[in-house]
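Shown next: final28.txt, containing compact mmCIF, C-alpha atoms.
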# COMPACT_ATOMS: atom_id res chain seq x y z
CA MET A 1 0.00 0.00 0.00
CA SER A 2 3.02 2.32 0.35
CA ASP A 3 2.74 3.46 -3.25
CA SER A 4 -1.06 3.80 -3.13
CA PRO A 5 -2.04 7.08 -4.79
CA ALA A 6 -4.64 7.60 -2.03
CA LEU A 7 -1.80 8.30 0.38
CA TYR A 8 -0.29 11.26 -1.44
CA LEU A 9 -2.93 12.42 -3.93
CA PRO A 10 -6.30 13.95 -3.00
CA THR A 11 -9.08 11.57 -3.94
CA ASP A 12 -10.85 12.46 -7.17
CA TRP A 13 -14.43 13.58 -6.46
CA ARG A 14 -15.68 10.92 -8.89
CA ASP A 15 -14.38 8.24 -6.55
CA PHE A 16 -16.49 9.65 -3.74
CA LEU A 17 -19.46 9.62 -6.10
CA SER A 18 -18.86 5.99 -7.11
CA LEU A 19 -18.72 5.11 -3.40
CA THR A 20 -22.47 5.82 -3.32
CA LYS A 21 -23.11 3.04 -5.91
CA PRO A 22 -24.98 5.28 -8.39
CA ARG A 23 -26.40 2.33 -10.37
CA VAL A 24 -28.04 0.76 -7.33
CA MET A 25 -29.16 4.24 -6.34
CA SER A 26 -31.09 4.69 -9.56
CA LEU A 27 -33.41 1.85 -8.51
CA VAL A 28 -33.66 3.31 -5.00
CA ILE A 29 -34.57 6.77 -6.33
CA PHE A 30 -37.06 5.32 -8.76
CA THR A 31 -38.92 3.14 -6.22
CA GLY A 32 -38.82 5.94 -3.63
CA LEU A 33 -40.28 8.38 -6.14
CA CYS A 34 -42.98 5.89 -7.14
CA GLY A 35 -43.98 5.40 -3.49
CA LEU A 36 -44.19 9.16 -3.15
CA LEU A 37 -46.30 9.62 -6.29
CA ALA A 38 -48.66 6.73 -5.50
CA ALA A 39 -49.38 7.80 -1.92
CA PRO A 40 -52.70 9.50 -1.23
CA GLY A 41 -52.37 13.14 -0.22
CA TYR A 42 -50.57 16.30 -1.23
CA ILE A 43 -46.90 17.07 -0.92
CA HIS A 44 -45.36 20.30 -2.19
CA PRO A 45 -43.15 19.44 -5.20
CA LEU A 46 -40.07 20.92 -3.53
CA ILE A 47 -40.65 18.92 -0.32
CA GLY A 48 -41.23 15.83 -2.48
CA PHE A 49 -37.90 16.51 -4.19
CA VAL A 50 -36.20 16.87 -0.80
CA ALA A 51 -37.71 13.55 0.34
CA VAL A 52 -36.35 11.71 -2.71
CA LEU A 53 -33.00 13.49 -2.35
CA CYS A 54 -32.78 12.34 1.29
CA ILE A 55 -33.65 8.76 0.32
CA ALA A 56 -30.85 8.89 -2.28
CA MET A 57 -28.38 10.46 0.17
CA GLY A 58 -29.22 7.85 2.81
CA ALA A 59 -28.73 5.02 0.31
CA GLY A 60 -25.43 6.58 -0.83
CA GLY A 61 -24.22 6.95 2.75
CA ALA A 62 -25.12 3.35 3.56
CA ALA A 63 -23.35 2.17 0.38
CA ALA A 64 -20.21 4.11 1.37
CA LEU A 65 -20.28 2.55 4.86
CA ASN A 66 -20.75 -0.88 3.26
CA GLN A 67 -17.64 -0.39 1.11
CA TRP A 68 -15.66 0.95 4.08
CA TRP A 69 -16.43 -2.22 6.03
CA GLU A 70 -15.99 -4.65 3.14
CA SER A 71 -12.93 -3.16 1.43
CA ASP A 72 -10.78 -6.20 2.23
CA LEU A 73 -13.41 -8.56 0.80
CA ASP A 74 -13.91 -6.34 -2.25
CA ALA A 75 -10.18 -6.53 -2.95
CA GLY A 76 -10.48 -10.31 -3.29
CA MET A 77 -13.31 -10.37 -5.83
CA LYS A 78 -12.94 -9.62 -9.53
CA ARG A 79 -16.28 -7.80 -9.70
CA THR A 80 -15.37 -5.38 -6.90
CA ALA A 81 -11.55 -5.20 -6.87
CA LYS A 82 -11.52 -1.92 -8.78
CA ARG A 83 -13.78 -0.06 -6.33
CA PRO A 84 -12.18 3.13 -4.94
CA ILE A 85 -10.84 1.69 -1.64
CA PRO A 86 -9.43 -1.66 -2.86
CA GLY A 87 -8.24 0.18 -5.98
CA GLY A 88 -6.06 2.36 -3.72
CA ARG A 89 -7.66 5.63 -4.82
CA LEU A 90 -9.51 6.44 -1.60
CA ARG A 91 -8.52 6.11 2.04
CA LYS A 92 -10.68 3.84 4.18
CA ASP A 93 -11.25 6.43 6.90
CA ASP A 94 -12.39 8.96 4.30
CA ALA A 95 -15.01 6.50 3.07
CA ARG A 96 -16.26 5.97 6.63
CA ASP A 97 -16.48 9.71 7.33
CA PHE A 98 -18.15 10.39 3.99
CA GLY A 99 -20.71 7.65 4.67
CA MET A 100 -21.44 8.93 8.19
CA ILE A 101 -21.87 12.55 7.07
CA LEU A 102 -24.09 11.61 4.14
CA SER A 103 -26.25 9.30 6.31
CA GLY A 104 -26.54 11.77 9.18
CA ALA A 105 -27.36 14.70 6.90
CA SER A 106 -30.00 12.70 5.01
CA VAL A 107 -31.87 11.81 8.22
CA MET A 108 -31.70 15.32 9.69
CA ILE A 109 -32.83 17.04 6.50
CA MET A 110 -35.66 14.52 6.06
CA GLY A 111 -36.82 15.20 9.63
CA VAL A 112 -36.62 18.98 9.44
CA ALA A 113 -37.99 19.46 5.92
CA VAL A 114 -40.38 16.52 5.42
CA ASN A 115 -41.50 14.65 8.56
CA TRP A 116 -39.89 12.79 11.41
CA LEU A 117 -41.59 9.42 10.81
CA ALA A 118 -40.03 9.32 7.33
CA ALA A 119 -36.71 10.36 8.90
CA ILE A 120 -36.90 7.58 11.52
CA ILE A 121 -37.64 4.92 8.88
CA LEU A 122 -34.77 6.29 6.77
CA ALA A 123 -32.42 6.07 9.77
CA LEU A 124 -33.62 2.52 10.44
CA SER A 125 -32.98 1.51 6.83
CA ILE A 126 -29.43 2.89 6.94
CA VAL A 127 -28.61 1.11 10.22
CA TYR A 128 -30.28 -2.03 8.88
CA TYR A 129 -28.09 -2.07 5.75
CA ALA A 130 -24.80 -0.81 7.18
CA VAL A 131 -24.86 -2.60 10.55
CA VAL A 132 -27.41 -5.45 10.70
CA TYR A 133 -26.73 -6.63 7.15
CA THR A 134 -23.16 -5.63 6.25
CA ILE A 135 -21.40 -6.01 9.58
CA TRP A 136 -23.49 -8.59 11.39
CA LEU A 137 -25.38 -11.04 9.18
CA LYS A 138 -23.78 -11.03 5.72
CA PRO A 139 -20.62 -12.82 6.88
CA ARG A 140 -22.60 -15.20 9.14
CA THR A 141 -25.60 -16.67 7.35
CA PRO A 142 -26.48 -17.86 3.84
CA GLN A 143 -29.85 -16.14 4.38
CA ASN A 144 -27.93 -12.83 4.17
CA ILE A 145 -29.59 -11.85 0.91
CA VAL A 146 -33.08 -12.40 2.30
CA ILE A 147 -32.20 -10.11 5.20
CA GLY A 148 -30.37 -7.61 3.00
CA GLY A 149 -33.44 -7.41 0.78
CA GLY A 150 -35.16 -5.63 3.65
CA ALA A 151 -32.76 -2.70 3.27
CA GLY A 152 -33.58 -2.24 -0.41
CA ALA A 153 -37.29 -2.53 0.35
CA PHE A 154 -37.48 0.64 2.44
CA PRO A 155 -37.38 3.41 -0.26
CA PRO A 156 -40.99 3.16 -1.56
CA MET A 157 -42.22 2.97 2.03
CA ILE A 158 -40.25 6.10 2.95
CA GLY A 159 -41.54 7.89 -0.16
CA TRP A 160 -45.09 6.97 0.81
CA VAL A 161 -44.71 8.00 4.45
CA ALA A 162 -43.13 11.31 3.35
CA VAL A 163 -46.56 12.18 1.91
CA THR A 164 -48.97 10.58 4.39
CA GLY A 165 -47.03 10.79 7.67
CA ASP A 166 -48.33 7.38 8.75
CA ILE A 167 -47.79 3.70 7.97
CA THR A 168 -50.70 1.78 6.42
CA LEU A 169 -51.00 -1.57 4.65
CA MET A 170 -50.05 -0.20 1.21
CA PRO A 171 -46.49 0.95 2.06
CA VAL A 172 -45.99 -2.33 3.93
CA LEU A 173 -46.99 -4.23 0.77
CA LEU A 174 -44.60 -2.16 -1.35
CA PHE A 175 -41.91 -3.14 1.15
CA ALA A 176 -42.93 -6.81 0.93
CA ILE A 177 -42.75 -6.81 -2.88
CA ILE A 178 -39.09 -5.75 -2.95
CA PHE A 179 -38.36 -8.04 -0.01
CA MET A 180 -39.64 -11.07 -1.96
CA TRP A 181 -38.05 -9.91 -5.19
CA THR A 182 -34.51 -9.59 -3.84
CA PRO A 183 -33.60 -13.27 -3.19
CA PRO A 184 -34.38 -14.58 -6.70
CA HIS A 185 -32.85 -11.42 -8.21
CA PHE A 186 -29.61 -11.73 -6.28
CA TRP A 187 -29.27 -15.50 -6.20
CA ALA A 188 -29.58 -15.58 -9.99
CA LEU A 189 -26.51 -13.32 -10.01
CA ALA A 190 -24.82 -15.34 -7.26
CA LEU A 191 -25.19 -18.51 -9.35
CA PHE A 192 -23.00 -17.12 -12.09
CA VAL A 193 -20.45 -15.29 -9.89
CA GLN A 194 -20.33 -17.81 -7.02
CA ILE A 195 -16.62 -18.56 -7.32
CA ASP A 196 -15.89 -14.96 -6.28
CA TYR A 197 -17.91 -15.21 -3.06
CA ALA A 198 -16.42 -18.56 -2.16
CA LYS A 199 -12.94 -17.06 -2.45
CA VAL A 200 -13.56 -14.35 0.17
CA GLY A 201 -15.56 -16.55 2.54
CA ILE A 202 -18.97 -14.88 2.27
CA PRO A 203 -21.54 -17.63 2.92
CA MET A 204 -23.58 -16.99 -0.23
CA MET A 205 -26.41 -19.51 -0.69
CA PRO A 206 -24.98 -21.39 -3.73
CA VAL A 207 -21.65 -21.79 -1.93
CA VAL A 208 -23.09 -23.02 1.39
CA LYS A 209 -26.25 -24.95 0.51
CA GLY A 210 -25.29 -25.85 -3.02
CA GLU A 211 -26.74 -24.99 -6.37
CA ALA A 212 -29.77 -27.29 -6.25
CA SER A 213 -31.07 -25.77 -3.00
CA THR A 214 -30.47 -22.23 -4.29
CA ARG A 215 -32.38 -22.98 -7.48
CA ARG A 216 -35.33 -24.40 -5.51
CA GLN A 217 -35.40 -21.32 -3.28
CA ILE A 218 -35.32 -19.01 -6.31
CA LEU A 219 -38.49 -20.73 -7.50
CA ALA A 220 -40.12 -20.59 -4.05
CA TYR A 221 -39.61 -16.82 -3.77
CA SER A 222 -40.77 -16.31 -7.36
CA ILE A 223 -44.01 -18.15 -6.54
CA LEU A 224 -44.51 -16.05 -3.40
CA LEU A 225 -43.82 -12.88 -5.37
CA LEU A 226 -46.92 -13.35 -7.56
CA PRO A 227 -49.64 -12.95 -4.89
CA ILE A 228 -47.69 -10.30 -3.02
CA ALA A 229 -47.12 -8.19 -6.15
CA ALA A 230 -50.84 -8.45 -6.93
CA ALA A 231 -51.94 -7.79 -3.32
CA PRO A 232 -52.19 -3.97 -3.66
CA TRP A 233 -54.88 -4.64 -6.29
CA PHE A 234 -56.68 -7.30 -4.20
CA ILE A 235 -56.99 -4.98 -1.21
CA GLY A 236 -58.31 -2.19 -3.41
CA GLY A 237 -55.22 -0.01 -3.00
CA THR A 238 -54.80 0.18 -6.78
CA GLY A 239 -56.89 -0.45 -9.88
CA ALA A 240 -56.74 -2.99 -12.68
CA VAL A 241 -53.98 -1.15 -14.57
CA TYR A 242 -51.53 -2.04 -11.83
CA GLY A 243 -53.22 -5.38 -11.09
CA GLY A 244 -52.97 -6.57 -14.69
CA ALA A 245 -49.36 -5.46 -15.01
CA ALA A 246 -48.42 -7.09 -11.68
CA VAL A 247 -49.96 -10.45 -12.63
CA LEU A 248 -48.45 -10.41 -16.13
CA LEU A 249 -44.95 -9.37 -15.02
CA SER A 250 -44.95 -11.87 -12.15
CA LEU A 251 -46.01 -14.70 -14.48
CA VAL A 252 -43.11 -13.88 -16.82
CA PHE A 253 -40.82 -13.78 -13.79
CA LEU A 254 -42.08 -17.21 -12.78
CA ALA A 255 -41.69 -18.54 -16.33
CA LEU A 256 -38.04 -17.43 -16.32
CA ALA A 257 -37.40 -18.73 -12.79
CA ALA A 258 -38.78 -22.21 -13.58
CA PRO A 259 -36.00 -23.23 -16.02
CA VAL A 260 -33.41 -21.93 -13.56
CA ALA A 261 -34.96 -24.10 -10.85
CA MET A 262 -35.24 -27.21 -13.02
CA ARG A 263 -31.74 -27.41 -14.43
CA ARG A 264 -28.17 -27.99 -13.29
CA ALA A 265 -25.29 -25.93 -14.60
CA GLU A 266 -22.87 -27.70 -16.91
CA PRO A 267 -19.31 -26.45 -17.32
CA GLY A 268 -19.17 -23.93 -20.16
CA ASP A 269 -22.94 -23.64 -20.68
CA GLY A 270 -22.84 -19.86 -20.30
CA MET A 271 -25.49 -19.81 -17.53
CA LYS A 272 -27.96 -18.24 -19.95
CA PRO A 273 -31.22 -18.93 -18.00
CA GLU A 274 -29.68 -17.42 -14.85
CA LYS A 275 -28.45 -14.34 -16.71
CA ARG A 276 -31.85 -13.97 -18.39
CA LEU A 277 -33.65 -14.14 -15.03
CA PHE A 278 -31.26 -11.62 -13.49
CA GLY A 279 -31.69 -9.23 -16.43
CA PHE A 280 -35.48 -9.50 -16.36
CA SER A 281 -35.63 -9.09 -12.58
CA VAL A 282 -34.23 -5.55 -12.88
CA LEU A 283 -36.73 -4.72 -15.62
CA TYR A 284 -39.50 -6.31 -13.51
CA LEU A 285 -39.06 -3.96 -10.59
CA PHE A 286 -38.87 -0.86 -12.78
CA ALA A 287 -41.96 -1.92 -14.75
CA LEU A 288 -43.97 -2.89 -11.67
CA PHE A 289 -43.43 0.44 -9.91
CA ALA A 290 -43.98 2.35 -13.15
CA ALA A 291 -47.31 0.49 -13.45
CA LEU A 292 -48.18 1.56 -9.91
CA VAL A 293 -47.71 5.22 -10.81
CA ALA A 294 -49.46 4.79 -14.17
CA ASP A 295 -52.41 3.23 -12.33
CA ARG A 296 -52.67 6.17 -9.93
CA ALA A 297 -52.44 8.60 -12.85
CA PHE A 298 -55.09 6.67 -14.81
CA TYR A 299 -57.59 6.73 -11.94
CA GLY A 300 -56.69 10.26 -10.84
CA GLN A 301 -55.40 9.15 -7.44
CA GLY A 302 -52.23 9.71 -5.42
CA ALA A 303 -50.24 12.70 -6.63
CA PHE A 304 -52.64 12.98 -9.59
CA ALA A 305 -55.79 13.55 -7.52
CA MET B 1 4.56 16.68 0.41
CA SER B 2 4.67 18.28 -2.97
CA THR B 3 8.48 18.60 -2.81
CA HIS B 4 8.74 14.81 -3.39
CA MET B 5 6.43 14.83 -6.38
CA THR B 6 7.38 14.72 -10.02
CA PRO B 7 6.00 17.59 -12.13
CA ASP B 8 3.37 15.21 -13.53
CA GLU B 9 2.27 14.16 -10.08
CA GLU B 10 2.11 17.74 -8.93
CA ALA B 11 -0.09 18.66 -11.89
CA GLU B 12 -2.35 15.72 -11.05
CA PHE B 13 -2.39 16.79 -7.39
CA LYS B 14 -3.55 20.29 -8.34
CA ARG B 15 -6.11 19.01 -10.83
CA ARG B 16 -7.73 16.73 -8.27
CA ARG B 17 -7.67 19.33 -5.51
CA LYS B 18 -9.33 21.83 -7.80
CA GLY B 19 -11.95 19.28 -8.87
CA ARG B 20 -12.79 18.47 -5.26
CA ASN B 21 -12.96 22.10 -4.23
CA THR B 22 -15.27 22.88 -7.13
CA ALA B 23 -17.51 19.89 -6.37
CA LEU B 24 -17.72 20.86 -2.69
CA ALA B 25 -18.52 24.48 -3.54
CA LEU B 26 -21.33 23.39 -5.85
CA VAL B 27 -22.76 21.06 -3.19
CA LEU B 28 -22.63 23.83 -0.57
CA PHE B 29 -24.33 26.37 -2.85
CA PHE B 30 -26.97 23.79 -3.73
CA PHE B 31 -27.82 23.20 -0.07
CA VAL B 32 -27.84 26.92 0.74
CA PHE B 33 -30.36 27.46 -2.03
CA LEU B 34 -32.33 24.35 -1.04
CA PHE B 35 -32.69 25.44 2.60
CA TYR B 36 -33.67 28.93 1.48
CA ALA B 37 -36.40 27.43 -0.71
CA ILE B 38 -37.53 24.94 1.96
CA THR B 39 -37.93 27.80 4.44
CA PHE B 40 -40.23 29.65 2.06
CA VAL B 41 -42.32 26.55 1.36
CA GLN B 42 -42.65 25.63 5.05
CA PHE B 43 -43.66 29.12 6.12
CA GLY B 44 -45.59 29.99 2.98
Output the file's structure in the form of structure tokens.
Amino acid sequence: MSDSPALYLPTDWRDFLSLTKPRVMSLVIFTGLCGLLAAPGYIHPLIGFVAVLCIAMGAGGAAALNQWWESDLDAGMKRTAKRPIPGGRLRKDDARDFGMILSGASVMIMGVAVNWLAAIILALSIVYYAVVYTIWLKPRTPQNIVIGGGAGAFPPMIGWVAVTGDITLMPVLLFAIIFMWTPPHFWALALFVQIDYAKVGIPMMPVVKGEASTRRQILAYSILLLPIAAAPWFIGGTGAVYGGAAVLLSLVFLALAAPVAMRRAEPGDGMKPEKRLFGFSVLYLFALFAALVADRAFYGQGAFA
Amino acid sequence: MSTHMTPDEEAEFKRRRKGRNTALALVLFFFVFLFYAITFVQFG
């Protein structure tokens, strides 16, 4: 490390930005914004903007803290070895301080400008991701992804609560959708990058319980996802525009998960079904939440009332 | 520190420092404006 540029050169601001995982953040911002737009009630556009900004800042802060804690693991995996800390472009302590400041500021601004319930849930989500998931459970249990999914599930709930100021069944369902979606989404990825996780000793499901068990669990969560994704329609929280989209998208998800569950990987087979499921899972979440907002717009509800 | 740097490294040092200072200034101005606007909305 003695010739690491981070020790004698100021870190490029882009490295601080990449510490916030901008690609993951795009999904966080999108689902947070959708929760905000779908919620019943009025929020001033500027306050709505601040709420989404705080959700993004909180997610960025948590991502920075995650990379501070995991920099040694990241250095051992091909996918993450070039991140700013293992790449030697950013000092570890700077990442920690940056993450703390970003997280703290996001919660305070949310509380002062929007409402304190949204701020408390935001604070919970940051602690959940940075401490409960990253520090405590990820290195200890193969169920880490199921637990980690909870962290990613908070944004639409926070967006919703920013408008309404209280927690009802709808924001809980939005939380549950992302919670159920995360394991098949991530395990599909873990199936084709599992060698990396094995190398650094993270107990990822395919490494610990084997491929067959992981594939079965992908299918189980995909089956559970269908009724939960459609639940906002069943309880009358949305109309048929969302309901139809939720059923259709979830059936496609299931149709792509089934071949992943039924097969075994052969050396050199390219893992196409797994890659296809992973690719579609990202599209699924974007499309589902877009359908939620489209539904509210169609029926003149939520932000469109 | 800069006495041990090659001219190239020193140029890189200055470029990065300037980039960071500019980014920080923009962020600070953004938040000043944001809080100004939030105050008006909250009391409006």
Check: which chain A residues lie within 6 Å of chain B using all atoms listed in the file, as a list of chain:residue names: A:Leu9, A:Asp12, A:Trp13
Counting all atoms listed in the file, the residue of A:Ile228, A:Ala113, A:Val163, A:Ala81 that sits nearest Phe43 in chain B: A:Ala113
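A straight line drawn from CA of Gly165 in chain A to CA of Cys34 in chain A is 16.1 Å long.
Considering the residues A:Leu46, A:Ala39, A:Ser125, A:Arg14 and counting only C-alpha atoms, Tyr36 in chain B has its shortest atom-to-atom contact with A:Leu46.
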Contacts of Arg96 in chain A within 9 Å, all atoms listed in the file, excl. fewer than 6 positions in-chain, as a PyMOL selection string: chain A and resi 61+64-69
All residues 9 Å or closer to range 175-188 of chain A, all atoms listed in the file, same chain fewer than 4 positions away omitted, as a compact mmCIF listing (two decimals) with C-alpha atoms, in the frame of the given file:
# COMPACT_ATOMS: atom_id res chain seq x y z
CA GLN A 143 -29.85 -16.14 4.38
CA ILE A 145 -29.59 -11.85 0.91
CA VAL A 146 -33.08 -12.40 2.30
CA ILE A 147 -32.20 -10.11 5.20
CA GLY A 148 -30.37 -7.61 3.00
CA GLY A 149 -33.44 -7.41 0.78
CA GLY A 150 -35.16 -5.63 3.65
CA ALA A 151 -32.76 -2.70 3.27
CA GLY A 152 -33.58 -2.24 -0.41
CA ALA A 153 -37.29 -2.53 0.35
CA PHE A 154 -37.48 0.64 2.44
CA PRO A 155 -37.38 3.41 -0.26
CA PRO A 156 -40.99 3.16 -1.56
CA MET A 157 -42.22 2.97 2.03
CA MET A 170 -50.05 -0.20 1.21
CA PRO A 171 -46.49 0.95 2.06
CA PHE A 192 -23.00 -17.12 -12.09
CA MET A 204 -23.58 -16.99 -0.23
CA MET A 205 -26.41 -19.51 -0.69
CA PRO A 206 -24.98 -21.39 -3.73
CA THR A 214 -30.47 -22.23 -4.29
CA ARG A 215 -32.38 -22.98 -7.48
CA GLN A 217 -35.40 -21.32 -3.28
CA ILE A 218 -35.32 -19.01 -6.31
CA LEU A 219 -38.49 -20.73 -7.50
CA ALA A 220 -40.12 -20.59 -4.05
CA TYR A 221 -39.61 -16.82 -3.77
CA SER A 222 -40.77 -16.31 -7.36
CA LEU A 224 -44.51 -16.05 -3.40
CA LEU A 225 -43.82 -12.88 -5.37
CA ILE A 228 -47.69 -10.30 -3.02
CA ALA A 229 -47.12 -8.19 -6.15
CA ALA A 257 -37.40 -18.73 -12.79
CA VAL A 260 -33.41 -21.93 -13.56
CA PRO A 273 -31.22 -18.93 -18.00
CA GLU A 274 -29.68 -17.42 -14.85
CA LYS A 275 -28.45 -14.34 -16.71
CA ARG A 276 -31.85 -13.97 -18.39
CA LEU A 277 -33.65 -14.14 -15.03
CA PHE A 278 -31.26 -11.62 -13.49
CA GLY A 279 -31.69 -9.23 -16.43
CA PHE A 280 -35.48 -9.50 -16.36
CA SER A 281 -35.63 -9.09 -12.58
CA VAL A 282 -34.23 -5.55 -12.88
CA LEU A 285 -39.06 -3.96 -10.59
Gap from CA of Gly44 in chain B to CA of Tyr42 in chain A - Å, one decimal: 15.2 Å
Spatial neighbours of Ala231 in chain A, 9 Å, all atoms listed in the file, chain gap at least 5 places, as a ChimeraX atom specification: /A:173,226,236-237,243
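What separates CA of Gly210 in chain A from CA of Pro267 in chain A is a distance of 15.5 Å.
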N, CA, C and O atoms restored at range 2-14 of chain B, emitted as a compact mmCIF listing (two decimals), keeping the file's coordinate frame:
# COMPACT_ATOMS: atom_id res chain seq x y z
N SER B 2 4.54 18.07 -1.53
CA SER B 2 4.67 18.28 -2.97
C SER B 2 6.14 18.33 -3.41
O SER B 2 6.43 18.19 -4.57
N THR B 3 7.07 18.54 -2.44
CA THR B 3 8.48 18.60 -2.81
C THR B 3 8.98 17.26 -3.34
O THR B 3 9.94 17.20 -4.07
N HIS B 4 8.30 16.13 -2.93
CA HIS B 4 8.74 14.81 -3.39
C HIS B 4 8.04 14.38 -4.66
O HIS B 4 8.23 13.27 -5.12
N MET B 5 7.21 15.24 -5.21
CA MET B 5 6.43 14.83 -6.38
C MET B 5 7.15 15.19 -7.67
O MET B 5 7.86 16.18 -7.74
N THR B 6 6.92 14.37 -8.69
CA THR B 6 7.38 14.72 -10.02
C THR B 6 6.46 15.80 -10.56
O THR B 6 5.35 15.97 -10.04
N PRO B 7 6.88 16.54 -11.58
CA PRO B 7 6.00 17.59 -12.13
C PRO B 7 4.64 17.04 -12.56
O PRO B 7 3.61 17.68 -12.36
N ASP B 8 4.64 15.83 -13.12
CA ASP B 8 3.37 15.21 -13.53
C ASP B 8 2.45 14.97 -12.34
O ASP B 8 1.25 15.23 -12.38
N GLU B 9 3.06 14.43 -11.27
CA GLU B 9 2.27 14.16 -10.08
C GLU B 9 1.73 15.44 -9.46
O GLU B 9 0.61 15.49 -8.98
N GLU B 10 2.55 16.48 -9.50
CA GLU B 10 2.11 17.74 -8.93
C GLU B 10 0.94 18.32 -9.73
O GLU B 10 -0.02 18.84 -9.16
N ALA B 11 1.02 18.18 -11.04
CA ALA B 11 -0.09 18.66 -11.89
C ALA B 11 -1.36 17.88 -11.57
O ALA B 11 -2.45 18.45 -11.46
N GLU B 12 -1.21 16.57 -11.39
CA GLU B 12 -2.35 15.72 -11.05
C GLU B 12 -2.92 16.10 -9.68
O GLU B 12 -4.13 16.17 -9.48
N PHE B 13 -2.00 16.36 -8.73
CA PHE B 13 -2.39 16.79 -7.39
C PHE B 13 -3.27 18.04 -7.48
O PHE B 13 -4.35 18.11 -6.90
N LYS B 14 -2.81 19.02 -8.24
CA LYS B 14 -3.55 20.29 -8.34
C LYS B 14 -4.89 20.10 -9.06
O LYS B 14 -5.89 20.70 -8.69
